[in-house]
Each structure stands twice: as C-alpha cells, then as structure tokens.
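Below is query-v4.pdb, which holds PDB, C-alpha atoms.
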```pdb
MODEL        1
ATOM      1  CA  MET C   1      50.966  79.683  46.397
ATOM      2  CA  ARG C   2      53.715  78.209  48.581
ATOM      3  CA  GLY C   3      55.592  80.578  50.830
ATOM      4  CA  ARG C   4      52.758  83.078  50.919
ATOM      5  CA  HIS C   5      50.231  83.493  53.665
ATOM      6  CA  ARG C   6      46.960  85.242  53.281
ATOM      7  CA  HIS C   7      46.775  88.291  55.524
ATOM      8  CA  GLN C   8      44.191  87.789  58.281
ATOM      9  CA  PRO C   9      42.173  90.905  59.154
ATOM     10  CA  VAL C  10      42.552  92.118  62.714
ATOM     11  CA  THR C  11      39.901  93.977  64.663
ATOM     12  CA  ARG C  12      41.367  97.124  66.191
ATOM     13  CA  ILE C  13      40.463  97.822  69.829
ATOM     14  CA  PHE C  14      39.633 101.384  70.860
ATOM     15  CA  ARG C  15      40.602 102.550  74.339
ATOM     16  CA  GLY C  16      39.196 105.853  75.527
ATOM     17  CA  ASP C  17      41.958 107.162  77.788
ATOM     18  CA  ALA C  18      43.509 109.559  75.260
ATOM     19  CA  LEU C  19      40.107 110.977  74.270
ATOM     20  CA  ALA C  20      39.184 111.384  77.943
ATOM     21  CA  ASP C  21      42.448 113.259  78.549
ATOM     22  CA  GLU C  22      41.681 115.548  75.617
ATOM     23  CA  ILE C  23      38.234 116.405  77.020
ATOM     24  CA  LEU C  24      39.567 116.932  80.539
ATOM     25  CA  GLY C  25      42.424 119.071  79.234
ATOM     26  CA  ALA C  26      39.937 121.452  77.644
ATOM     27  CA  VAL C  27      37.990 121.588  80.907
ATOM     28  CA  ARG C  28      41.085 122.282  82.979
ATOM     29  CA  ALA C  29      42.275 125.003  80.568
ATOM     30  CA  ASP C  30      39.069 127.029  80.924
ATOM     31  CA  PRO C  31      39.487 129.584  83.751
ATOM     32  CA  ALA C  32      35.760 129.418  84.482
ATOM     33  CA  CYS C  33      36.037 125.791  85.577
ATOM     34  CA  ALA C  34      37.482 127.097  88.865
ATOM     35  CA  ARG C  35      33.877 127.899  89.796
ATOM     36  CA  ALA C  36      32.734 124.332  89.127
ATOM     37  CA  SER C  37      32.196 121.565  91.650
ATOM     38  CA  LEU C  38      30.499 118.173  91.720
ATOM     39  CA  LEU C  39      28.674 116.441  94.546
ATOM     40  CA  VAL C  40      28.250 112.689  94.014
ATOM     41  CA  LEU C  41      25.552 110.926  96.014
ATOM     42  CA  ARG C  42      25.751 107.155  96.253
ATOM     43  CA  ASP C  43      24.684 104.126  98.256
ATOM     44  CA  ALA C  44      27.982 102.813  99.597
ATOM     45  CA  SER C  45      26.444  99.358 100.148
ATOM     46  CA  ALA C  46      25.965  98.954  96.366
ATOM     47  CA  PRO C  47      29.371  97.909  94.918
ATOM     48  CA  PRO C  48      28.766  99.220  91.361
ATOM     49  CA  ALA C  49      27.679 102.614  92.718
ATOM     50  CA  ALA C  50      30.656 102.796  95.048
ATOM     51  CA  ALA C  51      33.058 101.840  92.235
ATOM     52  CA  TYR C  52      31.585 104.430  89.863
ATOM     53  CA  ALA C  53      31.773 107.139  92.535
ATOM     54  CA  ALA C  54      35.420 106.281  93.238
ATOM     55  CA  ARG C  55      36.270 106.464  89.542
ATOM     56  CA  ILE C  56      34.627 109.884  89.238
ATOM     57  CA  GLU C  57      36.518 111.108  92.303
ATOM     58  CA  SER C  58      39.802 109.915  90.793
ATOM     59  CA  PHE C  59      39.194 112.140  87.758
ATOM     60  CA  ALA C  60      38.960 115.334  89.856
ATOM     61  CA  PRO C  61      42.674 116.274  89.678
ATOM     62  CA  ARG C  62      42.580 115.884  85.888
ATOM     63  CA  ALA C  63      39.518 118.133  85.595
ATOM     64  CA  GLY C  64      40.748 120.832  87.975
ATOM     65  CA  PHE C  65      37.743 121.248  90.273
ATOM     66  CA  PRO C  66      36.588 119.556  93.487
ATOM     67  CA  VAL C  67      34.509 116.385  93.619
ATOM     68  CA  THR C  68      32.823 115.362  96.867
ATOM     69  CA  VAL C  69      31.433 111.863  97.342
ATOM     70  CA  ARG C  70      28.951 111.137 100.139
ATOM     71  CA  ASP C  71      26.187 108.747 101.084
ATOM     72  CA  TYR C  72      22.570 109.631 100.462
ATOM     73  CA  PRO C  73      20.946 111.422 103.391
ATOM     74  CA  ALA C  74      18.589 109.316 105.484
ATOM     75  CA  THR C  75      15.463 111.388 104.826
ATOM     76  CA  LEU C  76      13.898 113.689 102.265
ATOM     77  CA  ALA C  77      14.215 116.601 104.677
ATOM     78  CA  GLU C  78      17.968 116.002 105.007
ATOM     79  CA  LEU C  79      18.292 115.805 101.227
ATOM     80  CA  ARG C  80      16.457 119.110 100.855
ATOM     81  CA  THR C  81      18.843 120.742 103.328
ATOM     82  CA  LEU C  82      21.864 119.318 101.502
ATOM     83  CA  LEU C  83      20.673 120.540  98.105
ATOM     84  CA  GLU C  84      19.925 124.004  99.475
ATOM     85  CA  ALA C  85      23.547 124.216 100.628
ATOM     86  CA  THR C  86      25.018 122.954  97.327
ATOM     87  CA  GLN C  87      25.769 125.376  94.490
ATOM     88  CA  GLY C  88      27.531 123.101  92.003
ATOM     89  CA  ALA C  89      26.519 120.042  90.006
ATOM     90  CA  VAL C  90      24.874 117.122  91.795
ATOM     91  CA  LEU C  91      25.059 113.536  90.530
ATOM     92  CA  PRO C  92      22.714 110.993  92.169
ATOM     93  CA  ILE C  93      23.965 107.478  91.366
ATOM     94  CA  HIS C  94      21.525 104.575  91.231
ATOM     95  CA  PRO C  95      20.263 102.789  93.237
ATOM     96  CA  LEU C  96      18.316 105.633  94.823
ATOM     97  CA  PRO C  97      16.929 105.575  98.375
ATOM     98  CA  ASP C  98      13.507 103.960  98.568
ATOM     99  CA  TRP C  99      11.938 107.206  99.766
ATOM    100  CA  ILE C 100      12.457 109.073  96.488
ATOM    101  CA  ASP C 101      12.020 108.263  92.781
ATOM    102  CA  ALA C 102      14.203 109.354  89.880
ATOM    103  CA  ALA C 103      11.813 111.957  88.453
ATOM    104  CA  THR C 104      11.329 113.649  91.820
ATOM    105  CA  LEU C 105      15.048 113.701  92.529
ATOM    106  CA  THR C 106      15.847 115.120  89.082
ATOM    107  CA  ALA C 107      13.281 117.872  89.667
ATOM    108  CA  ARG C 108      14.739 118.684  93.088
ATOM    109  CA  VAL C 109      18.281 118.849  91.698
ATOM    110  CA  GLY C 110      17.017 121.145  88.917
ATOM    111  CA  PRO C 111      18.449 121.914  85.479
ATOM    112  CA  ASP C 112      21.197 124.215  86.777
ATOM    113  CA  ARG C 113      22.837 121.399  88.754
ATOM    114  CA  ASP C 114      22.007 118.396  86.532
ATOM    115  CA  PRO C 115      25.218 116.986  84.943
ATOM    116  CA  GLU C 116      23.365 113.908  83.644
ATOM    117  CA  GLY C 117      21.267 115.954  81.218
ATOM    118  CA  LEU C 118      18.078 114.191  82.334
ATOM    119  CA  HIS C 119      16.071 117.242  83.369
ATOM    120  CA  PRO C 120      13.272 117.937  80.836
ATOM    121  CA  LEU C 121      14.871 121.268  79.892
ATOM    122  CA  HIS C 122      18.088 119.549  78.822
ATOM    123  CA  ALA C 123      16.299 116.606  77.209
ATOM    124  CA  GLY C 124      14.014 118.990  75.320
ATOM    125  CA  ALA C 125      16.923 121.047  73.990
ATOM    126  CA  LEU C 126      18.560 117.874  72.709
ATOM    127  CA  ALA C 127      15.320 116.731  71.052
ATOM    128  CA  LEU C 128      15.128 120.101  69.271
ATOM    129  CA  GLY C 129      18.667 119.696  67.931
ATOM    130  CA  ARG C 130      20.248 122.155  70.367
ATOM    131  CA  PRO C 131      22.285 119.890  72.650
ATOM    132  CA  GLY C 132      23.740 121.469  75.759
ATOM    133  CA  ILE C 133      24.014 119.228  78.802
ATOM    134  CA  VAL C 134      23.858 115.768  77.217
ATOM    135  CA  PRO C 135      23.707 112.456  79.136
ATOM    136  CA  PRO C 136      27.407 111.602  79.565
ATOM    137  CA  THR C 137      27.315 108.007  78.319
ATOM    138  CA  ALA C 138      25.470 108.989  75.144
ATOM    139  CA  ASP C 139      27.859 111.902  74.617
ATOM    140  CA  ALA C 140      30.845 109.606  75.183
ATOM    141  CA  ALA C 141      29.653 106.975  72.696
ATOM    142  CA  PHE C 142      29.041 109.703  70.125
ATOM    143  CA  ARG C 143      32.526 111.171  70.640
ATOM    144  CA  VAL C 144      34.142 107.724  70.424
ATOM    145  CA  ALA C 145      32.416 107.095  67.099
ATOM    146  CA  LYS C 146      33.708 110.435  65.754
ATOM    147  CA  ALA C 147      37.211 109.642  67.002
ATOM    148  CA  ILE C 148      37.190 106.360  65.091
ATOM    149  CA  VAL C 149      35.421 107.225  61.811
ATOM    150  CA  GLY C 150      35.599 111.023  61.628
ATOM    151  CA  PRO C 151      32.564 113.108  60.575
ATOM    152  CA  LEU C 152      29.339 111.142  60.990
ATOM    153  CA  SER C 153      27.306 112.953  58.335
ATOM    154  CA  GLY C 154      26.098 110.416  55.782
ATOM    155  CA  LYS C 155      27.070 107.397  57.897
ATOM    156  CA  THR C 156      24.564 104.650  58.676
ATOM    157  CA  ALA C 157      24.219 103.705  62.322
ATOM    158  CA  THR C 158      22.083 101.387  64.421
ATOM    159  CA  VAL C 159      21.559 102.006  68.126
ATOM    160  CA  VAL C 160      20.489  98.918  70.085
ATOM    161  CA  GLY C 161      18.705 100.038  73.249
ATOM    162  CA  ALA C 162      16.460 103.057  73.722
ATOM    163  CA  SER C 163      16.848 104.100  77.350
ATOM    164  CA  PRO C 164      16.474 107.815  78.165
ATOM    165  CA  VAL C 165      19.999 107.754  79.588
ATOM    166  CA  VAL C 166      21.847 106.310  76.563
ATOM    167  CA  GLY C 167      19.995 105.029  73.498
ATOM    168  CA  ARG C 168      17.487 107.822  72.914
ATOM    169  CA  PRO C 169      19.873 110.771  73.440
ATOM    170  CA  LEU C 170      22.551 108.986  71.397
ATOM    171  CA  ALA C 171      20.144 108.553  68.476
ATOM    172  CA  LEU C 172      19.299 112.264  68.659
ATOM    173  CA  LEU C 173      22.991 113.228  68.637
ATOM    174  CA  LEU C 174      23.577 111.051  65.583
ATOM    175  CA  ILE C 175      20.578 112.531  63.777
ATOM    176  CA  ALA C 176      21.803 116.051  64.528
ATOM    177  CA  ALA C 177      25.197 115.073  63.081
ATOM    178  CA  GLY C 178      23.590 114.008  59.788
ATOM    179  CA  ALA C 179      23.770 110.247  60.234
ATOM    180  CA  THR C 180      21.047 107.863  59.093
ATOM    181  CA  VAL C 181      19.879 106.139  62.260
ATOM    182  CA  ARG C 182      17.922 103.030  63.206
ATOM    183  CA  VAL C 183      16.938 102.283  66.791
ATOM    184  CA  ALA C 184      16.415  98.655  67.801
ATOM    185  CA  GLN C 185      15.784  96.805  71.053
ATOM    186  CA  ALA C 186      17.013  93.567  72.596
ATOM    187  CA  THR C 187      13.462  92.332  71.958
ATOM    188  CA  THR C 188      13.527  93.191  68.227
ATOM    189  CA  ARG C 189      12.451  90.001  66.422
ATOM    190  CA  ASP C 190      15.146  89.993  63.759
ATOM    191  CA  LEU C 191      17.817  92.095  65.404
ATOM    192  CA  ALA C 192      20.481  91.170  62.849
ATOM    193  CA  ALA C 193      18.306  92.634  60.076
ATOM    194  CA  GLU C 194      18.480  95.999  61.848
ATOM    195  CA  THR C 195      22.220  95.974  62.496
ATOM    196  CA  ARG C 196      24.094  94.123  59.758
ATOM    197  CA  ASP C 197      23.833  96.897  57.148
ATOM    198  CA  ALA C 198      25.049  99.653  59.480
ATOM    199  CA  GLU C 199      28.528 101.114  59.300
ATOM    200  CA  ILE C 200      28.446 101.766  63.048
ATOM    201  CA  VAL C 201      26.593  99.648  65.606
ATOM    202  CA  PHE C 202      26.102 100.974  69.135
ATOM    203  CA  SER C 203      24.792  98.578  71.782
ATOM    204  CA  ALA C 204      23.568  99.768  75.176
ATOM    205  CA  VAL C 205      21.390  96.935  76.444
ATOM    206  CA  GLY C 206      23.400  95.155  79.144
ATOM    207  CA  HIS C 207      22.865  91.733  77.555
ATOM    208  CA  PRO C 208      26.223  89.888  77.399
ATOM    209  CA  GLY C 209      27.082  88.574  73.953
ATOM    210  CA  LEU C 210      23.848  89.804  72.397
ATOM    211  CA  LEU C 211      25.578  90.719  69.138
ATOM    212  CA  GLY C 212      27.828  88.352  67.202
ATOM    213  CA  ARG C 213      29.348  88.022  63.751
ATOM    214  CA  ASP C 214      25.984  87.788  61.988
ATOM    215  CA  HIS C 215      24.906  91.127  63.478
ATOM    216  CA  LEU C 216      27.778  93.177  62.054
ATOM    217  CA  ARG C 217      28.735  93.781  58.451
ATOM    218  CA  GLU C 218      32.341  93.141  57.534
ATOM    219  CA  GLY C 219      34.390  96.203  58.390
ATOM    220  CA  ALA C 220      31.773  97.672  60.739
ATOM    221  CA  VAL C 221      32.590  99.662  63.878
ATOM    222  CA  GLY C 222      31.175  98.262  67.132
ATOM    223  CA  ILE C 223      30.652 100.697  70.022
ATOM    224  CA  ASP C 224      29.959  98.548  73.093
ATOM    225  CA  ILE C 225      28.204 100.432  75.907
ATOM    226  CA  GLY C 226      26.211  97.697  77.682
ATOM    227  CA  ILE C 227      28.694  96.445  80.257
ATOM    228  CA  THR C 228      27.688  93.591  82.599
ATOM    229  CA  ARG C 229      29.616  91.933  85.432
ATOM    230  CA  GLN C 230      29.953  88.151  85.164
ATOM    231  CA  GLY C 231      31.835  86.877  88.195
ATOM    232  CA  GLU C 232      35.179  88.685  88.186
ATOM    233  CA  ARG C 233      34.851  89.788  84.548
ATOM    234  CA  LEU C 234      33.158  92.717  82.846
ATOM    235  CA  VAL C 235      31.653  91.760  79.507
ATOM    236  CA  GLY C 236      29.915  93.718  76.780
ATOM    237  CA  ASP C 237      26.917  93.306  74.515
ATOM    238  CA  ILE C 238      29.151  92.493  71.548
ATOM    239  CA  ASP C 239      30.858  89.096  71.589
ATOM    240  CA  ALA C 240      34.453  90.138  70.947
ATOM    241  CA  GLY C 241      35.585  86.613  70.085
ATOM    242  CA  LYS C 242      32.932  86.167  67.418
ATOM    243  CA  VAL C 243      33.586  89.494  65.671
ATOM    244  CA  GLU C 244      37.394  89.341  65.778
ATOM    245  CA  GLY C 245      38.764  89.792  62.274
ATOM    246  CA  HIS C 246      35.286  90.714  61.012
ATOM    247  CA  ALA C 247      34.625  94.111  62.601
ATOM    248  CA  ALA C 248      37.118  96.851  61.784
ATOM    249  CA  TRP C 249      36.923  98.389  65.259
ATOM    250  CA  LEU C 250      35.534  97.382  68.624
ATOM    251  CA  THR C 251      35.605  99.399  71.826
ATOM    252  CA  HIS C 252      37.379  97.898  74.803
ATOM    253  CA  VAL C 253      35.232  96.736  77.735
ATOM    254  CA  PRO C 254      35.271  98.573  80.115
ATOM    255  CA  ASP C 255      37.979 101.055  79.044
ATOM    256  CA  GLY C 256      36.545 102.112  75.692
ATOM    257  CA  VAL C 257      33.494 104.264  76.341
ATOM    258  CA  GLY C 258      33.947 104.144  80.148
ATOM    259  CA  PRO C 259      36.681 106.744  80.744
ATOM    260  CA  VAL C 260      35.168 109.037  78.113
ATOM    261  CA  THR C 261      31.839 108.876  79.972
ATOM    262  CA  VAL C 262      33.452 110.143  83.177
ATOM    263  CA  ALA C 263      35.263 112.878  81.233
ATOM    264  CA  CYS C 264      31.955 113.974  79.650
ATOM    265  CA  LEU C 265      30.339 114.024  83.090
ATOM    266  CA  MET C 266      33.115 116.293  84.358
ATOM    267  CA  ARG C 267      32.710 118.504  81.309
ATOM    268  CA  ASN C 268      28.996 118.845  82.047
ATOM    269  CA  ALA C 269      29.742 119.827  85.635
ATOM    270  CA  ALA C 270      32.166 122.477  84.320
ATOM    271  CA  LEU C 271      29.558 123.784  81.884
ATOM    272  CA  LEU C 272      27.063 124.120  84.724
ATOM    273  CA  GLY C 273      29.722 126.059  86.626
ATOM    274  CA  GLY C 274      30.021 128.560  83.782
ATOM    275  CA  ALA C 275      32.864 127.116  81.713
ATOM    276  CA  GLY C 276      32.612 127.303  77.935
ATOM    277  CA  VAL C 277      34.316 123.995  77.070
TER
ENDMDL
END
```
If you convert what's in this file into structure tokens, what do you get?
Amino acid sequence: MRGRHRHQPVTRIFRGDALADEILGAVRADPACARASLLVLRDASAPPAAAYAARIESFAPRAGFPVTVRDYPATLAELRTLLEATQGAVLPIHPLPDWIDAATLTARVGPDRDPEGLHPLHAGALALGRPGIVPPTADAAFRVAKAIVGPLSGKTATVVGASPVVGRPLALLLIAAGATVRVAQATTRDLAAETRDAEIVFSAVGHPGLLGRDHLREGAVGIDIGITRQGERLVGDIDAGKVEGHAAWLTHVPDGVGPVTVACLMRNAALLGGAGV
C-alpha cells in the first residue's frame, strides 16, 4: 500500500563492557580479593600475546588486585624459581617457550594457581557438572548468552569448535544449564545442518566468515568467539553482513565476548585468592 513501508528487521549487536563491569564489580566488592594477584607470562615478540597481556593489565584497577606482566624466563630452572616465589594466579599466554609444552607448564603451575581452568582437577570438576575455575572464554560466552536470552534451560544450542579451551568446556556449561547441545567442527560435512535449527549458535573456530545466513535460523542468536586478524581488521567466524536483519543478535567483534573473557579471567584469579565471587 502506498505511503507504508515494510519494517526491516535489524540485528542487534551485543557489546560486553557492561557485563564485564558487573563481573568486576562483584570481584572488587569481595574483601577476600585483596589477597588475590595475577602474574601474566608472555612472549613480548608475539604481538597478539603482548596485546592480550596489556588488556589484562588494564583491567587490574577495575578488579582491585595487582597484575604483573613479564616475559617468560629463559630457562626451565628460572621458571621453576619464579613459580616457587609466586603465590597468586599465573597465566601463561601462548606462544610458549620452545623448551616447555602446555601440559608440563599447566602441571607446574598447579590447580591452585591456574586461572585458565585447564588443570585436570578443574576440567574434571566441570565434566562432572561441578564447575569451579572454568576456562575464561567459555565462561564469558556462556554468560553473554544468558545476558541476551535469559535462562538457558530448554534452549537449543550448537557449538562450532571443540577445543579444550573454549568449545568443550562451553558445551559442558550449556549441558549443566539444561540446554540441548550439539557440537560441530569446521570440518563437519554439512555444517549448516548442525546449526540452522539452533536458537543459539556459538562459533569458536577462528575461520573468518565460516557461518553465513544459511547457517542461522531466522531470529537466532550468534555468539562469535573465533576472532582472526585480517590486515588491520579483526573479523569473526560469523559473516555479519550476511546475517544482518536475519539473526536477532550478534556479538560485536572483538568487544562482545572479549571484555567479558578478561573479566572472567580476573574473577578466576580472585577465586584462587580466596574470594567467593
């Protein structure tokens, strides 16, 4: 009819700053967090590691406990000495030195100083439905989904990517919350068949533009975790242009899950320091 225009749906973009502030506020309000601290180990010659370390350090005033950033020691003996002198949480950022592997380093850090939740004691508790120290990115994606859709019990979700750092722990969190969960991979033959019926689609693959309009049902929520640098831009697994007006929500890249991840990391460090947040 003349004079009338059909309303075009708009995809809402979720930014995580307010949720991160909420998490950090709870950390800062707990008197026990005064006993917390975080040591960040990084290879300063690796730009992504240096940028991540700087972002973590910038969150310290908002969390209320000290964060120290330093280069990896030159030898295993020096690392052993450093860890013996460190009481608080220790975060080793990849890439690791060539003289130590991830499993060995996680074991040397130990469960009482592991804010990544990768030690077998933390991973086992999560697998048994008793999450404590949860990998921060998985925890952040889970919290973002709850912030957008509310309780997750009864929701259908697909997680694309099954790494021990994100996809697997995220699937376990969703299961514990009562969601119906599928786990797919970038190599899944008919990926769209595994994602297009889900109410919430999480992608943590690091494959730019992997998911488009055909992968999401109309009105779905897209939680984009797999961030990749392309030149001067950071891009996600979900092609924002293709799902605009089709998805109900899409997380911003990189400021959707990203700031919440750092907040969850700081929360884990506080928990290891005795806080009850």
- Atom pair CA of Ala125 (chain C) / CA of Gly110 (chain C): separation (Å):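 Separation between CA of Ala125 (chain C) and CA of Gly110 (chain C): 14.9 Å.
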- Message: Applying the PyMOL selection byres ((chain C and resi 25) around 10) to the file I just gave you, which residues come out? Please list them as number ranges by chain.
- Response: C: 19-24, 26-30, 62-64, 263, 267, 277
- As a check of understanding: the span from CA of Ala49 (chain C) to CA of Ala275 (chain C) is 27.4 Å
- One decimal, Å: what's the distance from CA of Asp237 (chain C) over to CA of Ala53 (chain C), could you say?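 Separating CA of Asp237 (chain C) from CA of Ala53 (chain C) is a distance of 23.2 Å.
Around the coordinate (25.1, 107.4, 77.4), residues that reach within 9 Å when counting all atoms listed in the file are C:Val134, C:Pro135, C:Pro136, C:Thr137, C:Ala138, C:Asp139, C:Ala140, C:Ala141, C:Phe142, C:Ser163, C:Pro164, C:Val165, C:Val166, C:Gly167, C:Arg168, C:Pro169, C:Leu170, C:Ala204, C:Ile225, C:Thr261.
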- Query: Do you know which residues the PyMOL selection byres ((chain C and resi 132) around 12) returns on this file, as JSON, numbers by chain?
  - Reply: {"C": [111, 112, 114, 115, 116, 117, 118, 119, 121, 122, 123, 124, 125, 126, 127, 128, 129, 130, 131, 133, 134, 135, 136, 139, 169, 173, 264, 267, 268, 269, 271, 272, 276, 277]}
Please produce an output containing C-alpha atoms for each residue in the selection, written as a compact mmCIF listing (two decimals), in the coordinates of the input.
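Produced file out-v4.txt, reproduced below:
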```txt
# COMPACT_ATOMS: atom_id res chain seq x y z
CA PRO C 111 18.45 121.91 85.48
CA ASP C 112 21.20 124.22 86.78
CA ASP C 114 22.01 118.40 86.53
CA PRO C 115 25.22 116.99 84.94
CA GLU C 116 23.36 113.91 83.64
CA GLY C 117 21.27 115.95 81.22
CA LEU C 118 18.08 114.19 82.33
CA HIS C 119 16.07 117.24 83.37
CA LEU C 121 14.87 121.27 79.89
CA HIS C 122 18.09 119.55 78.82
CA ALA C 123 16.30 116.61 77.21
CA GLY C 124 14.01 118.99 75.32
CA ALA C 125 16.92 121.05 73.99
CA LEU C 126 18.56 117.87 72.71
CA ALA C 127 15.32 116.73 71.05
CA LEU C 128 15.13 120.10 69.27
CA GLY C 129 18.67 119.70 67.93
CA ARG C 130 20.25 122.16 70.37
CA PRO C 131 22.28 119.89 72.65
CA ILE C 133 24.01 119.23 78.80
CA VAL C 134 23.86 115.77 77.22
CA PRO C 135 23.71 112.46 79.14
CA PRO C 136 27.41 111.60 79.56
CA ASP C 139 27.86 111.90 74.62
CA PRO C 169 19.87 110.77 73.44
CA LEU C 173 22.99 113.23 68.64
CA CYS C 264 31.96 113.97 79.65
CA ARG C 267 32.71 118.50 81.31
CA ASN C 268 29.00 118.84 82.05
CA ALA C 269 29.74 119.83 85.64
CA LEU C 271 29.56 123.78 81.88
CA LEU C 272 27.06 124.12 84.72
CA GLY C 276 32.61 127.30 77.94
CA VAL C 277 34.32 124.00 77.07
```
